[in-house]
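A.B. asks: Take a look at the following structure, please.
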Amino acid sequence: MLVRTKDFQAFWISATDEEAIGSISDVYFDSRGEWKVRFLVADTRTWFVGGKVLLSPQLINRLNLAGQAIQMNASRDQIKDSPKPDEHEPISRSYEASVLNYYNLEPYWIPTAGSTGTGPVMPVGGPFAPMDDDDSNARPAHDTAVTGPEENEMEAARNKEDYYLQSTKDLRGYDIDVSGENIGTISDVVFDTNDWSVQFIEVDTAGALSSNHSLVPVEWFNQFNALDESATASVSREAVENSPDYETSMTLTDDYGEEIRRHFGSPSNR
């Protein structure tokens, strides 16, 4: 099912041994790889000290879209004791490795058979300043769980801090540039909960005093620039303005998503 990030932020999270431990505050997706949501950001401060934690969609045991609830395949203590992100730092590849290794999950960035596709380039450093080299979360805690080529991949990631994940919350408000012309701002991100693929960028073309939104397939975006909070896209203003009618309150069906894609076509055919 297609879901807006803003709507997803209303979802509650529960552990295997407790009814509720937090709520979704953000999602991080990989804009350099396969356009996948890689982590859910859970705000757990109401339930225990520790603030925000990152949880992989691979840990989801049950997703109740109608009830806006997510049950994780992890205990309360597991989640409470997991590696914590710094409040105002980007998510580095080494920190990702520490979280995935903590839950015994495979690093998704190691190439597998059939993996294809690249997304727009993020300038190194992500939405904030790079974290310090001596950060306490810089190294995974269970290196012995990974051997061979995978160990080499993870070691290379540790030696060079790379930032591939994009916060959907940070993207909101980015100016969208098309051939040197500003056509509006990013207002949200839409992803598919069936495979956690990011499908559309919600664009507000009206400005601060009114509202006029459209959905644009993510493959039309070329770059996100955190330095000046802007994005570049290959789509034309006319294509955005003439896209199928869209309201931020409407239910997003697969048929509607296909209608959007038929309207814009493929960047490779432009």
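In the structure tokens, the first chain shown is A, the next is B, and so on; residue numbers restart at 1 for each chain, and ligands run from 1 in the order shown.
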Contacts of region 61-75 of chain A at 9 Å or less, counting only C-alpha atoms, minus same-chain residues fewer than 5 places along, as an NGL selection string?

C.D. replies: :A and (1 or 8 or 10-20 or 23 or 55 or 80 or 103 or 193)

A.B. asks: What does the distance between CA of Pro111 (chain A) and CA of Ser167 (chain A) come to in Å, to one decimal place?

C.D. replies: 23.1 Å

A.B. asks: Take CA of Pro85 (chain A) and CA of Ser197 (chain A) and report the distance between them in Å, one decimal.

C.D. replies: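 Atom-to-atom, CA of Pro85 (chain A) to CA of Ser197 (chain A), that is 22.9 Å.
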
A.B. asks: Hey, which of A:Phe264, A:Trp220, A:Trp196, A:Tyr164 ends up closest to Lys36 (chain A)? Count only C-alpha atoms.

C.D. replies: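 Using only C-alpha atoms, the shortest distance to Lys36 (chain A) belongs to A:Trp196.
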
A.B. asks: Between CA of Gln166 (chain A) and CA of Arg38 (chain A), what is the distance, to one decimal in Å?

C.D. replies: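 These two atoms are separated by 9.7 Å.
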
A.B. asks: Nearest to Ser94 (chain A): which of A:Tyr256, A:Tyr163, A:Phe221, A:Phe29 is it, counting only C-alpha atoms?

C.D. replies: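 Among A:Tyr256, A:Tyr163, A:Phe221, A:Phe29, it is A:Tyr163 that comes nearest to Ser94 (chain A).
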
A.B. asks: If we count only C-alpha atoms and set the cut-off at 12 Å, which residues sit around Asp204 (chain A), ignoring sequence neighbours fewer than 2 positions away in its own chain? Please answer as an MDAnalysis selection string.

C.D. replies: chainID A and resid 172:176 182:189 201:202 206:216 237 240:241 246:248

A.B. asks: Save out the residues we just selected, C-alpha atoms, as a short mmCIF file (atom, residue, chain, number, x, y, z; two decimals), in the first residue's frame.

C.D. replies:
data_model
loop_
_atom_site.label_atom_id
_atom_site.label_comp_id
_atom_site.auth_asym_id
_atom_site.auth_seq_id
_atom_site.Cartn_x
_atom_site.Cartn_y
_atom_site.Cartn_z
CA ARG A 172 10.44 18.82 3.35
CA GLY A 173 10.82 22.40 2.19
CA TYR A 174 13.63 21.71 -0.29
CA ASP A 175 13.31 23.95 -3.37
CA ILE A 176 12.90 22.02 -6.62
CA ASN A 182 12.09 26.89 -9.24
CA ILE A 183 8.81 24.98 -9.58
CA GLY A 184 7.98 24.53 -5.89
CA THR A 185 9.10 22.65 -2.80
CA ILE A 186 9.15 19.07 -1.55
CA SER A 187 6.30 18.54 0.89
CA ASP A 188 6.43 14.77 1.51
CA VAL A 189 7.65 11.35 0.38
CA ILE A 201 8.00 12.83 -4.13
CA GLU A 202 5.11 15.10 -3.17
CA ALA A 206 1.70 26.87 -4.93
CA GLY A 207 3.92 28.51 -2.33
CA ALA A 208 3.39 29.66 1.23
CA LEU A 209 -0.03 31.32 0.83
CA SER A 210 -1.87 28.49 -0.91
CA SER A 211 -1.60 24.78 -1.57
CA ASN A 212 -1.37 22.85 -4.81
CA HIS A 213 0.24 19.45 -4.61
CA SER A 214 1.36 16.86 -7.16
CA LEU A 215 3.15 13.54 -7.04
CA VAL A 216 6.29 13.02 -9.15
CA ARG A 237 6.86 22.39 -15.01
CA VAL A 240 3.89 18.59 -12.99
CA GLU A 241 1.08 21.13 -13.40
CA TYR A 246 -4.07 14.96 -6.24
CA GLU A 247 -5.19 15.85 -2.72
CA THR A 248 -3.07 15.23 0.38
#

A.B. asks: Region 2-33 of chain A: which residues are alpha helix (DSSP H) by DSSP, as a PyMOL selection string?

C.D. replies: chain A and resi 5-8

A.B. asks: If you keep C-alpha atoms, can you produce a file of those selected residues as a short mmCIF file (atom, residue, chain, number, x, y, z; two decimals), in the first residue's frame?

C.D. replies:
data_model
loop_
_atom_site.label_atom_id
_atom_site.label_comp_id
_atom_site.auth_asym_id
_atom_site.auth_seq_id
_atom_site.Cartn_x
_atom_site.Cartn_y
_atom_site.Cartn_z
CA THR A 5 5.49 9.72 5.46
CA LYS A 6 3.37 12.30 7.29
CA ASP A 7 0.58 9.73 7.68
CA PHE A 8 3.06 7.06 8.76
#

A.B. asks: With DSSP run on the backbone, what are the strand (DSSP E) residues within region 20-51 of chain A? I'd like them as a list of chain:residue names.

C.D. replies: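 Those in region 20-51 of chain A that DSSP calls strand (DSSP E) are A:Ala20, A:Ile21, A:Gly22, A:Ser23, A:Ile24, A:Ser25, A:Asp26, A:Val27, A:Tyr28, A:Phe29, A:Asp30, A:Lys36, A:Val37, A:Arg38, A:Phe39, A:Leu40, A:Val41, A:Ala42, A:Asp43.
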